[in-house]
Amino acid sequence: MNRTPILAIGICIIGCVAPMLRPVPTASEYKQRFLTHLRPEQINSLRFTYHGAVGGEASLARFKVEANAVSEIRANAQREDVYASQDEDAVQELKRKMAMCTDEGQIPEWFDFLFGKALPVFIDNGDSTAEHPAYLHEWYVDESRGIVYFVMIEGGMPQVA
């Protein structure tokens, strides 16, 4: 008599939680869906994290580009700014935002962002509409190394497990 409720709860947990998570995209799907300012062949050595659930998704990516790709990112962004590397509050806020874009809540070692270096950042963002959730895409470009660091948040910010 005690087994039936336990079995029913076990099935509910498996059946109710699994659909809430979004599958991690392949590298090809990631390029096509999120890195829309560039052609797939312009993106080299792509590494990314992906944290997604029904309420939202977030990601960090690091990839190499040739110099001409930077002009395409610049031309397609809604606005351009400069990451304030000398402002400790800005550094901590960016580290927090980046850590929240991973399942583990920590920036991976391969994401070798230089927090002490001022970098141009190209920003796309939009409010929620009936067709699309709110989103934030930030493209930090280290032109001297030919590396782009991409921070993406769409919908609500996923919570770290």
# chains A, B, ... in the order shown; residues from 1 in each chain; ligands from 1
>>> residues_around(residues="region 34-36 of chain A", least_positions_apart="3", cutoff="10 Å", atoms="only C-alpha atoms", output="MDAnalysis selection string")
chainID A and resid 29:31 39:40 43 59 61 73 76 137 139 150 152
>>> residues_around(residues="Trp110 (chain A)", least_positions_apart="6", cutoff="12 Å", atoms="only C-alpha atoms", output="number ranges by chain")
A: 45-49, 60-63, 149
>>> select_by_dssp(residues="chain A", states="helix (DSSP H, G or I)", output="PyMOL selection string")
chain A and resi 3-20+27-34+40-42+67-76+88-99
>>> residues_around(residues="Gly52 (chain A)", least_positions_apart="4", cutoff="8 Å", atoms="only C-alpha atoms", output="PyMOL selection string")
chain A and resi 21-24+56-58+158
>>> closest_residue(among="A:Gln42, A:Asn125, A:Ser85, A:Gln92", to="Glu72 (chain A)", atoms="only C-alpha atoms")
A:Gln42
>>> closest_residue(among="A:Gln86, A:Thr102, A:Gln78, A:Asn44", to="Leu136 (chain A)", atoms="only C-alpha atoms")
A:Gln78
